[in-house]
Amino acid sequence: MSALKRLWGPVAVISIHNPPVNALSSAVVESLLKLLSEATRDRAVKSIVICGENAKFSAGADIRSFSTPQVRSGLTLEDVNGTVEKSEKPVVAAIEGIALGGGLELALGCHYRIAHVQAQVGLTEVLLGLLPGAGGTQRLPRLIGVPAALDMIVTGKMVPSPLALKLGIVDKIVEDDVIGAAITFAQNVADHSLESRRLSRKPIQNLPNMASLLDEALVKVTKQFRGAKSHQVCVEAVRAAVELPFLEGIQREQELFMTLFNSDQAKARQYAFFAERIVAKWSTPSGANWKTASPQPIRTAAVIGLGTMGRGIVINLAKACIPVVAVEQDEKQLEMGSSAVNSLLERETLKKHQLGLSTDAGNFGSIKFTLDFNQLRDVDLVIEADRKS
């Protein structure tokens, strides 16, 4: 879990090595800073290439480290990005596979970006209840403009490299040997001025309706991602890029990041992220997994909760001729739920008769309404439904 350095003539190639996706852990960040410092001091080195091992640039920060607060108090990825950007030697990002989240932020700190034609880039932190916390909300708007940057940051969408080239995120795409192309490119720009390539010093394109654009974006994401804090906070981070000098914008980005970092929504989204991946690796002691195990029939099912959602699930299971045990926690809710379900099923049966369907077509799976959770013991499937009033 580190970074490696090798020399190709006058070019230092620094590779991120942290399988399987080259996550930017604290160890990798420290290693990157160390190797960048060595390459900067080495007089034989005229330019630098940063790449990832195993045909992947980086999927971003090590998400597991998000639950370790001390990581935030040490060296950060923005320390690396700032060091890269300030380098007097050209630094070229060679992007293969993916450059997501912190991976793209690292690439934005570089002076040039070369990508494979099949690579994808994106700032995906919003999907984890966070925002890009290593300068992404400040550098990307300076590179491609506020509207395009907002679209990427608040949605977390991944952008294929041909579109990234069109937007101006990458400078060149190649069909093979990205690292070789980046080394050649780095040699060719070794003597070029880097002032215009440092995004922190690049002014944001001034649009006449900038304030209203940001206000409208906030209204839009509030409606589109109802109740989700991270999407709204991303808009405020981009607003900081527009209204504040770069360093103040970085500070504001960090403040907003920590607000989200400590939120229940971020914790829940990250829990879901890991849960989905653990489920995908499911296997039995005998070695069966999702690909090899045969689907088991669902002969009986249970639904816990008879609110609006629970009633709908019960009805759909019954319509599929699956016997259902419907469980509630108190007598009143059970009575209300059973009455509503029976009423809806009666209407469904009447509708089928009116359509001229046979009697058999109106048959449903049996439904047992109960307060006894012991009735769930032998069912094949249990669904817990949040009660909706």
# chains A, B, ... in the order shown; residues from 1 in each chain; ligands from 1

call {"tool": "closest_atom_pairs", "arguments": {"of": "stretch 299-326 of chain A", "to": "stretch 360-381 of chain A", "cutoff": "6 Å", "atoms": "only C-alpha atoms", "output": "JSON lines"}}
result
{"residue": "A:Thr300", "atom": "CA", "partner": "A:Val379", "partner_atom": "CA", "distance": 5.1}
{"residue": "A:Ala301", "atom": "CA", "partner": "A:Leu381", "partner_atom": "CA", "distance": 4.7}
{"residue": "A:Ala318", "atom": "CA", "partner": "A:Gly365", "partner_atom": "CA", "distance": 4.3}
{"residue": "A:Lys319", "atom": "CA", "partner": "A:Phe364", "partner_atom": "CA", "distance": 5.1}
{"residue": "A:Cys321", "atom": "CA", "partner": "A:Gly365", "partner_atom": "CA", "distance": 3.8}
{"residue": "A:Ile322", "atom": "CA", "partner": "A:Gly365", "partner_atom": "CA", "distance": 4.7}
{"residue": "A:Pro323", "atom": "CA", "partner": "A:Gly365", "partner_atom": "CA", "distance": 4.5}
{"residue": "A:Val324", "atom": "CA", "partner": "A:Ile367", "partner_atom": "CA", "distance": 4.7}
{"residue": "A:Val325", "atom": "CA", "partner": "A:Lys368", "partner_atom": "CA", "distance": 4.8}
{"residue": "A:Ala326", "atom": "CA", "partner": "A:Phe369", "partner_atom": "CA", "distance": 4.8}

call {"tool": "write_last_selection", "arguments": {"atoms": "N, CA, C and O atoms", "output": "PDB file, in the first residue's frame"}}
result
ATOM      1  N   THR A 300     -43.578 -19.337   0.964  1.00  0.00           N
ATOM      2  CA  THR A 300     -44.284 -18.494   1.933  1.00  0.00           C
ATOM      3  C   THR A 300     -43.461 -17.240   2.180  1.00  0.00           C
ATOM      4  O   THR A 300     -42.229 -17.256   2.069  1.00  0.00           O
ATOM      5  N   ALA A 301     -44.144 -16.161   2.524  1.00  0.00           N
ATOM      6  CA  ALA A 301     -43.464 -14.893   2.793  1.00  0.00           C
ATOM      7  C   ALA A 301     -44.118 -14.210   3.976  1.00  0.00           C
ATOM      8  O   ALA A 301     -45.260 -14.539   4.349  1.00  0.00           O
ATOM      9  N   ALA A 318     -49.746 -11.673  -2.435  1.00  0.00           N
ATOM     10  CA  ALA A 318     -50.975 -12.464  -2.525  1.00  0.00           C
ATOM     11  C   ALA A 318     -51.404 -12.651  -3.975  1.00  0.00           C
ATOM     12  O   ALA A 318     -51.843 -13.735  -4.376  1.00  0.00           O
ATOM     13  N   LYS A 319     -51.252 -11.589  -4.785  1.00  0.00           N
ATOM     14  CA  LYS A 319     -51.608 -11.680  -6.201  1.00  0.00           C
ATOM     15  C   LYS A 319     -50.699 -12.659  -6.940  1.00  0.00           C
ATOM     16  O   LYS A 319     -51.084 -13.222  -7.965  1.00  0.00           O
ATOM     17  N   CYS A 321     -49.941 -15.368  -5.672  1.00  0.00           N
ATOM     18  CA  CYS A 321     -50.339 -16.665  -5.094  1.00  0.00           C
ATOM     19  C   CYS A 321     -49.322 -17.202  -4.094  1.00  0.00           C
ATOM     20  O   CYS A 321     -49.134 -18.420  -3.955  1.00  0.00           O
ATOM     21  N   ILE A 322     -48.650 -16.283  -3.396  1.00  0.00           N
ATOM     22  CA  ILE A 322     -47.711 -16.668  -2.346  1.00  0.00           C
ATOM     23  C   ILE A 322     -48.390 -16.434  -1.000  1.00  0.00           C
ATOM     24  O   ILE A 322     -48.782 -15.300  -0.694  1.00  0.00           O
ATOM     25  N   PRO A 323     -48.570 -17.449  -0.174  1.00  0.00           N
ATOM     26  CA  PRO A 323     -49.153 -17.261   1.159  1.00  0.00           C
ATOM     27  C   PRO A 323     -48.326 -16.268   1.978  1.00  0.00           C
ATOM     28  O   PRO A 323     -47.086 -16.331   1.979  1.00  0.00           O
ATOM     29  N   VAL A 324     -49.013 -15.355   2.669  1.00  0.00           N
ATOM     30  CA  VAL A 324     -48.331 -14.267   3.371  1.00  0.00           C
ATOM     31  C   VAL A 324     -48.727 -14.252   4.843  1.00  0.00           C
ATOM     32  O   VAL A 324     -49.913 -14.416   5.180  1.00  0.00           O
ATOM     33  N   VAL A 325     -47.733 -14.031   5.705  1.00  0.00           N
ATOM     34  CA  VAL A 325     -47.969 -13.735   7.113  1.00  0.00           C
ATOM     35  C   VAL A 325     -47.712 -12.235   7.280  1.00  0.00           C
ATOM     36  O   VAL A 325     -46.598 -11.761   7.030  1.00  0.00           O
ATOM     37  N   ALA A 326     -48.749 -11.488   7.665  1.00  0.00           N
ATOM     38  CA  ALA A 326     -48.627 -10.037   7.831  1.00  0.00           C
ATOM     39  C   ALA A 326     -48.604  -9.726   9.329  1.00  0.00           C
ATOM     40  O   ALA A 326     -49.545 -10.057  10.057  1.00  0.00           O
TER      41      ALA A 326
END

call {"tool": "select_by_dssp", "arguments": {"residues": "stretch 56-258 of chain A", "states": "alpha helix (DSSP H)", "output": "PyMOL selection string"}}
result
chain A and resi 70-73+77-86+102-109+136-144+146-155+161-167+178-188+210-224+229-243+246-258

call {"tool": "write_last_selection", "arguments": {"atoms": "C-alpha atoms", "output": "short mmCIF file (atom, residue, chain, number, x, y, z; two decimals), in the first residue's frame"}}
result
data_model
loop_
_atom_site.label_atom_id
_atom_site.label_comp_id
_atom_site.auth_asym_id
_atom_site.auth_seq_id
_atom_site.Cartn_x
_atom_site.Cartn_y
_atom_site.Cartn_z
CA GLN A 70 -7.08 10.81 12.98
CA VAL A 71 -6.54 10.40 9.23
CA ARG A 72 -8.06 13.86 8.73
CA SER A 73 -5.54 15.40 11.15
CA LEU A 77 -4.60 14.36 -0.42
CA GLU A 78 -4.86 18.13 -0.92
CA ASP A 79 -1.32 18.37 0.50
CA VAL A 80 -0.25 16.08 -2.35
CA ASN A 81 -2.28 18.00 -4.93
CA GLY A 82 -0.86 21.32 -3.79
CA THR A 83 2.69 19.93 -3.92
CA VAL A 84 2.11 18.56 -7.42
CA GLU A 85 0.64 21.81 -8.68
CA LYS A 86 3.50 23.91 -7.27
CA GLY A 102 -9.73 11.59 -5.01
CA GLY A 103 -8.19 9.92 -8.05
CA LEU A 104 -9.55 12.65 -10.32
CA GLU A 105 -8.66 15.30 -7.74
CA LEU A 106 -5.06 14.08 -7.85
CA ALA A 107 -5.15 14.24 -11.66
CA LEU A 108 -6.53 17.80 -11.48
CA GLY A 109 -3.52 18.76 -9.37
CA GLY A 136 -12.20 18.97 -6.57
CA THR A 137 -14.97 21.53 -6.00
CA GLN A 138 -12.43 24.34 -6.46
CA ARG A 139 -10.29 23.10 -9.36
CA LEU A 140 -12.87 21.49 -11.65
CA PRO A 141 -14.99 24.67 -12.08
CA ARG A 142 -11.79 26.55 -12.95
CA LEU A 143 -10.95 23.96 -15.59
CA ILE A 144 -14.27 23.29 -17.36
CA VAL A 146 -19.23 26.12 -13.44
CA PRO A 147 -22.23 24.56 -15.27
CA ALA A 148 -20.34 21.44 -16.42
CA ALA A 149 -18.52 21.10 -13.08
CA LEU A 150 -21.78 21.41 -11.13
CA ASP A 151 -23.36 18.69 -13.23
CA MET A 152 -20.51 16.28 -12.48
CA ILE A 153 -20.11 17.13 -8.80
CA VAL A 154 -23.77 17.11 -7.68
CA THR A 155 -24.66 13.90 -9.56
CA SER A 161 -12.64 9.87 -21.65
CA PRO A 162 -13.86 11.06 -25.10
CA LEU A 163 -16.36 13.35 -23.33
CA ALA A 164 -13.70 14.29 -20.77
CA LEU A 165 -11.50 15.40 -23.69
CA LYS A 166 -14.36 17.46 -25.14
CA LEU A 167 -15.01 19.10 -21.77
CA VAL A 178 -1.05 5.37 -21.79
CA ILE A 179 2.05 5.42 -19.61
CA GLY A 180 4.34 5.40 -22.63
CA ALA A 181 2.34 8.22 -24.21
CA ALA A 182 2.49 10.18 -20.95
CA ILE A 183 6.27 9.72 -20.71
CA THR A 184 6.73 11.02 -24.26
CA PHE A 185 4.36 13.89 -23.55
CA ALA A 186 6.21 14.75 -20.33
CA GLN A 187 9.51 14.88 -22.20
CA ASN A 188 8.03 17.20 -24.83
CA MET A 210 -23.69 33.24 -12.14
CA ALA A 211 -25.57 34.01 -8.91
CA SER A 212 -28.93 32.95 -10.33
CA LEU A 213 -27.33 29.87 -11.93
CA LEU A 214 -26.12 28.69 -8.53
CA ASP A 215 -29.44 29.52 -6.85
CA GLU A 216 -31.34 27.60 -9.52
CA ALA A 217 -28.94 24.66 -9.19
CA LEU A 218 -29.62 24.54 -5.46
CA VAL A 219 -33.38 24.53 -6.01
CA LYS A 220 -33.03 21.83 -8.66
CA VAL A 221 -30.93 19.42 -6.56
CA THR A 222 -33.17 20.01 -3.54
CA LYS A 223 -36.11 18.72 -5.59
CA GLN A 224 -34.21 16.04 -7.50
CA LYS A 229 -27.76 16.85 2.20
CA SER A 230 -24.64 16.09 0.22
CA HIS A 231 -26.03 17.22 -3.15
CA GLN A 232 -27.06 20.58 -1.73
CA VAL A 233 -23.76 21.07 0.08
CA CYS A 234 -21.87 20.35 -3.16
CA VAL A 235 -23.59 23.38 -4.72
CA GLU A 236 -22.43 25.52 -1.79
CA ALA A 237 -18.86 24.27 -2.23
CA VAL A 238 -18.91 25.28 -5.90
CA ARG A 239 -20.37 28.64 -4.85
CA ALA A 240 -17.28 29.07 -2.67
CA ALA A 241 -15.10 28.50 -5.75
CA VAL A 242 -16.95 31.31 -7.50
CA GLU A 243 -17.01 33.80 -4.64
CA PHE A 246 -8.67 29.62 -4.10
CA LEU A 247 -7.16 29.05 -0.64
CA GLU A 248 -10.26 30.38 1.10
CA GLY A 249 -12.36 28.18 -1.16
CA ILE A 250 -10.28 25.16 -0.12
CA GLN A 251 -10.84 26.04 3.52
CA ARG A 252 -14.58 26.35 2.94
CA GLU A 253 -14.59 23.03 1.09
CA GLN A 254 -12.95 21.38 4.11
CA GLU A 255 -15.50 22.91 6.49
CA LEU A 256 -18.38 21.64 4.36
CA PHE A 257 -16.73 18.23 4.00
CA MET A 258 -16.49 17.83 7.78
#

call {"tool": "residues_around", "arguments": {"residues": "A:Ala55", "least_positions_apart": "3", "cutoff": "7 Å", "atoms": "only C-alpha atoms", "output": "VMD selection string"}}
result
chain A and resid 52 96 to 97

call {"tool": "select_by_dssp", "arguments": {"residues": "stretch 100-296 of chain A", "states": "strand (DSSP E or B)", "output": "VMD selection string"}}
result
chain A and resid 100 112 to 116 120 to 122 159 to 160 172 to 174 283 289

call {"tool": "residues_around", "arguments": {"residues": "A:Ser87", "least_positions_apart": "2", "cutoff": "12 Å", "atoms": "only C-alpha atoms", "output": "PyMOL selection string"}}
result
chain A and resi 33+36-41+46-48+80-85+89-92+109-111+190+193-195+197-198

call {"tool": "closest_residue", "arguments": {"among": "A:Gly129, A:Gly135, A:Gly74, A:Pro203", "to": "A:Ser263", "atoms": "only C-alpha atoms"}}
result
A:Gly129

call {"tool": "closest_residue", "arguments": {"among": "A:Leu334, A:Leu128, A:Val170, A:Ile298", "to": "A:Ala320", "atoms": "only C-alpha atoms"}}
result
A:Ile298

call {"tool": "residues_around", "arguments": {"residues": "A:Ile16", "least_positions_apart": "2", "cutoff": "8 Å", "atoms": "only C-alpha atoms", "output": "JSON list (two decimals) with all heavy atoms, in the first residue's frame"}}
result
[["chain", "number", "residue", "atom", "x", "y", "z"],
["A", 2, "SER", "N", 1.43, 1.55, -1.16],
["A", 2, "SER", "CA", 2.32, 2.69, -1.23],
["A", 2, "SER", "C", 2.38, 3.17, -2.67],
["A", 2, "SER", "O", 1.54, 2.83, -3.50],
["A", 2, "SER", "CB", 3.73, 2.31, -0.73],
["A", 2, "SER", "OG", 4.26, 1.28, -1.54],
["A", 3, "ALA", "N", 3.39, 3.95, -2.97],
["A", 3, "ALA", "CA", 3.65, 4.38, -4.34],
["A", 3, "ALA", "C", 5.07, 3.97, -4.69],
["A", 3, "ALA", "O", 5.95, 3.88, -3.82],
["A", 3, "ALA", "CB", 3.46, 5.88, -4.47],
["A", 4, "LEU", "N", 5.30, 3.72, -5.96],
["A", 4, "LEU", "CA", 6.60, 3.27, -6.42],
["A", 4, "LEU", "C", 7.15, 4.28, -7.43],
["A", 4, "LEU", "O", 6.40, 4.93, -8.14],
["A", 4, "LEU", "CB", 6.48, 1.89, -7.09],
["A", 4, "LEU", "CG", 5.72, 0.82, -6.30],
["A", 4, "LEU", "CD1", 5.49, -0.41, -7.16],
["A", 4, "LEU", "CD2", 6.47, 0.45, -5.03],
["A", 14, "ILE", "N", 5.95, 7.78, -11.18],
["A", 14, "ILE", "CA", 5.48, 7.43, -9.83],
["A", 14, "ILE", "C", 4.17, 6.66, -9.98],
["A", 14, "ILE", "O", 3.20, 7.18, -10.53],
["A", 14, "ILE", "CB", 5.29, 8.69, -8.97],
["A", 14, "ILE", "CG1", 6.62, 9.42, -8.79],
["A", 14, "ILE", "CG2", 4.69, 8.32, -7.62],
["A", 14, "ILE", "CD1", 6.50, 10.74, -8.05],
["A", 18, "ASN", "N", -1.82, 0.08, -4.66],
["A", 18, "ASN", "CA", -2.68, -0.29, -3.54],
["A", 18, "ASN", "C", -3.87, -1.08, -4.09],
["A", 18, "ASN", "O", -4.96, -0.54, -4.25],
["A", 18, "ASN", "CB", -3.16, 0.96, -2.79],
["A", 18, "ASN", "CG", -3.87, 0.59, -1.49],
["A", 18, "ASN", "OD1", -3.84, -0.55, -1.05],
["A", 18, "ASN", "ND2", -4.52, 1.57, -0.88],
["A", 22, "ASN", "N", -6.28, 0.81, -6.22],
["A", 22, "ASN", "CA", -5.32, 1.88, -5.92],
["A", 22, "ASN", "C", -5.94, 3.02, -5.10],
["A", 22, "ASN", "O", -5.80, 4.20, -5.42],
["A", 22, "ASN", "CB", -4.72, 2.43, -7.23],
["A", 22, "ASN", "CG", -3.86, 1.39, -7.92],
["A", 22, "ASN", "OD1", -3.21, 0.57, -7.29],
["A", 22, "ASN", "ND2", -3.87, 1.40, -9.25],
["A", 28, "VAL", "N", -0.48, 5.65, 1.22],
["A", 28, "VAL", "CA", -0.22, 6.03, -0.18],
["A", 28, "VAL", "C", 0.05, 7.53, -0.27],
["A", 28, "VAL", "O", 0.96, 7.96, -0.99],
["A", 28, "VAL", "CB", -1.40, 5.62, -1.08],
["A", 28, "VAL", "CG1", -1.24, 6.21, -2.48],
["A", 28, "VAL", "CG2", -1.51, 4.10, -1.17],
["A", 32, "LEU", "N", 3.40, 9.12, -1.74],
["A", 32, "LEU", "CA", 3.37, 10.03, -2.89],
["A", 32, "LEU", "C", 4.14, 11.31, -2.60],
["A", 32, "LEU", "O", 4.94, 11.78, -3.42],
["A", 32, "LEU", "CB", 1.92, 10.37, -3.26],
["A", 32, "LEU", "CG", 1.15, 9.33, -4.08],
["A", 32, "LEU", "CD1", -0.33, 9.73, -4.17],
["A", 32, "LEU", "CD2", 1.74, 9.21, -5.49],
["A", 50, "ILE", "N", 2.57, 10.54, -13.11],
["A", 50, "ILE", "CA", 1.90, 9.80, -12.04],
["A", 50, "ILE", "C", 0.89, 8.86, -12.69],
["A", 50, "ILE", "O", 0.08, 9.28, -13.52],
["A", 50, "ILE", "CB", 1.19, 10.75, -11.05],
["A", 50, "ILE", "CG1", 2.21, 11.65, -10.35],
["A", 50, "ILE", "CG2", 0.40, 9.94, -10.02],
["A", 50, "ILE", "CD1", 1.59, 12.63, -9.37],
["A", 51, "CYS", "N", 0.93, 7.59, -12.31],
["A", 51, "CYS", "CA", 0.03, 6.59, -12.88],
["A", 51, "CYS", "C", -0.39, 5.62, -11.79],
["A", 51, "CYS", "O", 0.00, 5.75, -10.64],
["A", 51, "CYS", "CB", 0.70, 5.86, -14.04],
["A", 51, "CYS", "SG", 2.20, 4.95, -13.56],
["A", 52, "GLY", "N", -1.18, 4.63, -12.17],
["A", 52, "GLY", "CA", -1.61, 3.59, -11.24],
["A", 52, "GLY", "C", -1.19, 2.23, -11.73],
["A", 52, "GLY", "O", -1.12, 1.98, -12.94],
["A", 53, "GLU", "N", -0.91, 1.33, -10.80],
["A", 53, "GLU", "CA", -0.57, -0.04, -11.16],
["A", 53, "GLU", "C", -1.82, -0.79, -11.64],
["A", 53, "GLU", "O", -2.95, -0.41, -11.35],
["A", 53, "GLU", "CB", 0.02, -0.77, -9.96],
["A", 53, "GLU", "CG", 1.35, -0.19, -9.48],
["A", 53, "GLU", "CD", 2.52, -0.60, -10.36],
["A", 53, "GLU", "OE1", 2.77, -1.81, -10.49],
["A", 53, "GLU", "OE2", 3.16, 0.30, -10.93],
["A", 57, "PHE", "N", -5.89, 4.00, -12.56],
["A", 57, "PHE", "CA", -5.25, 5.17, -11.96],
["A", 57, "PHE", "C", -5.55, 5.18, -10.47],
["A", 57, "PHE", "O", -4.68, 4.88, -9.65],
["A", 57, "PHE", "CB", -5.75, 6.45, -12.63],
["A", 57, "PHE", "CG", -5.00, 7.68, -12.19],
["A", 57, "PHE", "CD1", -3.72, 7.92, -12.65],
["A", 57, "PHE", "CD2", -5.57, 8.59, -11.31],
["A", 57, "PHE", "CE1", -3.00, 9.06, -12.24],
["A", 57, "PHE", "CE2", -4.87, 9.72, -10.90],
["A", 57, "PHE", "CZ", -3.59, 9.95, -11.36],
["A", 58, "SER", "N", -6.79, 5.47, -10.09],
["A", 58, "SER", "CA", -7.19, 5.37, -8.69],
["A", 58, "SER", "C", -8.69, 5.57, -8.59],
["A", 58, "SER", "O", -9.27, 6.43, -9.25],
["A", 58, "SER", "CB", -6.48, 6.42, -7.83],
["A", 58, "SER", "OG", -7.01, 6.42, -6.51]]

call {"tool": "closest_residue", "arguments": {"among": "A:Ser15, A:Pro20, A:Trp290, A:Ser26", "to": "A:Ile95", "atoms": "only C-alpha atoms"}}
result
A:Ser15

call {"tool": "closest_residue", "arguments": {"among": "A:Leu123, A:Val314, A:Ile98, A:Val327", "to": "A:Val341", "atoms": "only C-alpha atoms"}}
result
A:Val314

call {"tool": "atom_distance", "arguments": {"atom1": "atom CA of A:Gly122", "atom2": "atom CA of A:Val49"}}
result
20.2 Å

call {"tool": "decode", "arguments": {"residues": "stretch 266-281 of chain A", "atoms": "N, CA, C and O atoms", "output": "PDB file, in the first residue's frame"}}
result
ATOM      1  N   ALA A 266     -24.165  10.450   5.722  1.00  0.00           N
ATOM      2  CA  ALA A 266     -22.905   9.944   5.178  1.00  0.00           C
ATOM      3  C   ALA A 266     -22.583   8.570   5.753  1.00  0.00           C
ATOM      4  O   ALA A 266     -22.166   7.654   5.030  1.00  0.00           O
ATOM      5  N   LYS A 267     -22.787   8.411   7.051  1.00  0.00           N
ATOM      6  CA  LYS A 267     -22.514   7.116   7.681  1.00  0.00           C
ATOM      7  C   LYS A 267     -23.416   6.032   7.092  1.00  0.00           C
ATOM      8  O   LYS A 267     -22.971   4.904   6.839  1.00  0.00           O
ATOM      9  N   ALA A 268     -24.686   6.378   6.863  1.00  0.00           N
ATOM     10  CA  ALA A 268     -25.624   5.404   6.319  1.00  0.00           C
ATOM     11  C   ALA A 268     -25.261   5.025   4.880  1.00  0.00           C
ATOM     12  O   ALA A 268     -25.307   3.847   4.500  1.00  0.00           O
ATOM     13  N   ARG A 269     -24.891   6.012   4.068  1.00  0.00           N
ATOM     14  CA  ARG A 269     -24.546   5.732   2.676  1.00  0.00           C
ATOM     15  C   ARG A 269     -23.277   4.881   2.582  1.00  0.00           C
ATOM     16  O   ARG A 269     -23.159   4.008   1.719  1.00  0.00           O
ATOM     17  N   GLN A 270     -22.324   5.152   3.457  1.00  0.00           N
ATOM     18  CA  GLN A 270     -21.096   4.358   3.436  1.00  0.00           C
ATOM     19  C   GLN A 270     -21.349   2.942   3.947  1.00  0.00           C
ATOM     20  O   GLN A 270     -20.773   1.970   3.438  1.00  0.00           O
ATOM     21  N   TYR A 271     -22.241   2.820   4.928  1.00  0.00           N
ATOM     22  CA  TYR A 271     -22.626   1.481   5.395  1.00  0.00           C
ATOM     23  C   TYR A 271     -23.250   0.699   4.238  1.00  0.00           C
ATOM     24  O   TYR A 271     -22.921  -0.473   4.019  1.00  0.00           O
ATOM     25  N   ALA A 272     -24.142   1.359   3.503  1.00  0.00           N
ATOM     26  CA  ALA A 272     -24.792   0.701   2.362  1.00  0.00           C
ATOM     27  C   ALA A 272     -23.769   0.322   1.295  1.00  0.00           C
ATOM     28  O   ALA A 272     -23.864  -0.750   0.681  1.00  0.00           O
ATOM     29  N   PHE A 273     -22.786   1.195   1.077  1.00  0.00           N
ATOM     30  CA  PHE A 273     -21.742   0.930   0.083  1.00  0.00           C
ATOM     31  C   PHE A 273     -21.022  -0.379   0.391  1.00  0.00           C
ATOM     32  O   PHE A 273     -20.855  -1.239  -0.475  1.00  0.00           O
ATOM     33  N   PHE A 274     -20.605  -0.553   1.644  1.00  0.00           N
ATOM     34  CA  PHE A 274     -19.881  -1.763   2.024  1.00  0.00           C
ATOM     35  C   PHE A 274     -20.814  -2.968   2.059  1.00  0.00           C
ATOM     36  O   PHE A 274     -20.419  -4.075   1.680  1.00  0.00           O
ATOM     37  N   ALA A 275     -22.057  -2.754   2.511  1.00  0.00           N
ATOM     38  CA  ALA A 275     -23.002  -3.860   2.591  1.00  0.00           C
ATOM     39  C   ALA A 275     -23.263  -4.460   1.213  1.00  0.00           C
ATOM     40  O   ALA A 275     -23.330  -5.682   1.049  1.00  0.00           O
ATOM     41  N   GLU A 276     -23.410  -3.590   0.214  1.00  0.00           N
ATOM     42  CA  GLU A 276     -23.656  -4.072  -1.149  1.00  0.00           C
ATOM     43  C   GLU A 276     -22.494  -4.929  -1.652  1.00  0.00           C
ATOM     44  O   GLU A 276     -22.700  -5.919  -2.362  1.00  0.00           O
ATOM     45  N   ARG A 277     -21.289  -4.531  -1.295  1.00  0.00           N
ATOM     46  CA  ARG A 277     -20.121  -5.278  -1.754  1.00  0.00           C
ATOM     47  C   ARG A 277     -19.943  -6.580  -0.978  1.00  0.00           C
ATOM     48  O   ARG A 277     -19.490  -7.580  -1.535  1.00  0.00           O
ATOM     49  N   ILE A 278     -20.306  -6.578   0.290  1.00  0.00           N
ATOM     50  CA  ILE A 278     -20.224  -7.813   1.064  1.00  0.00           C
ATOM     51  C   ILE A 278     -21.248  -8.821   0.541  1.00  0.00           C
ATOM     52  O   ILE A 278     -20.955 -10.013   0.392  1.00  0.00           O
ATOM     53  N   VAL A 279     -22.452  -8.346   0.252  1.00  0.00           N
ATOM     54  CA  VAL A 279     -23.490  -9.230  -0.279  1.00  0.00           C
ATOM     55  C   VAL A 279     -23.050  -9.838  -1.607  1.00  0.00           C
ATOM     56  O   VAL A 279     -23.310 -11.012  -1.893  1.00  0.00           O
ATOM     57  N   ALA A 280     -22.368  -9.036  -2.430  1.00  0.00           N
ATOM     58  CA  ALA A 280     -21.922  -9.534  -3.733  1.00  0.00           C
ATOM     59  C   ALA A 280     -20.916 -10.673  -3.598  1.00  0.00           C
ATOM     60  O   ALA A 280     -20.748 -11.469  -4.525  1.00  0.00           O
ATOM     61  N   LYS A 281     -20.252 -10.756  -2.441  1.00  0.00           N
ATOM     62  CA  LYS A 281     -19.259 -11.811  -2.220  1.00  0.00           C
ATOM     63  C   LYS A 281     -19.836 -13.002  -1.470  1.00  0.00           C
ATOM     64  O   LYS A 281     -19.108 -13.880  -1.026  1.00  0.00           O
TER      65      LYS A 281
END
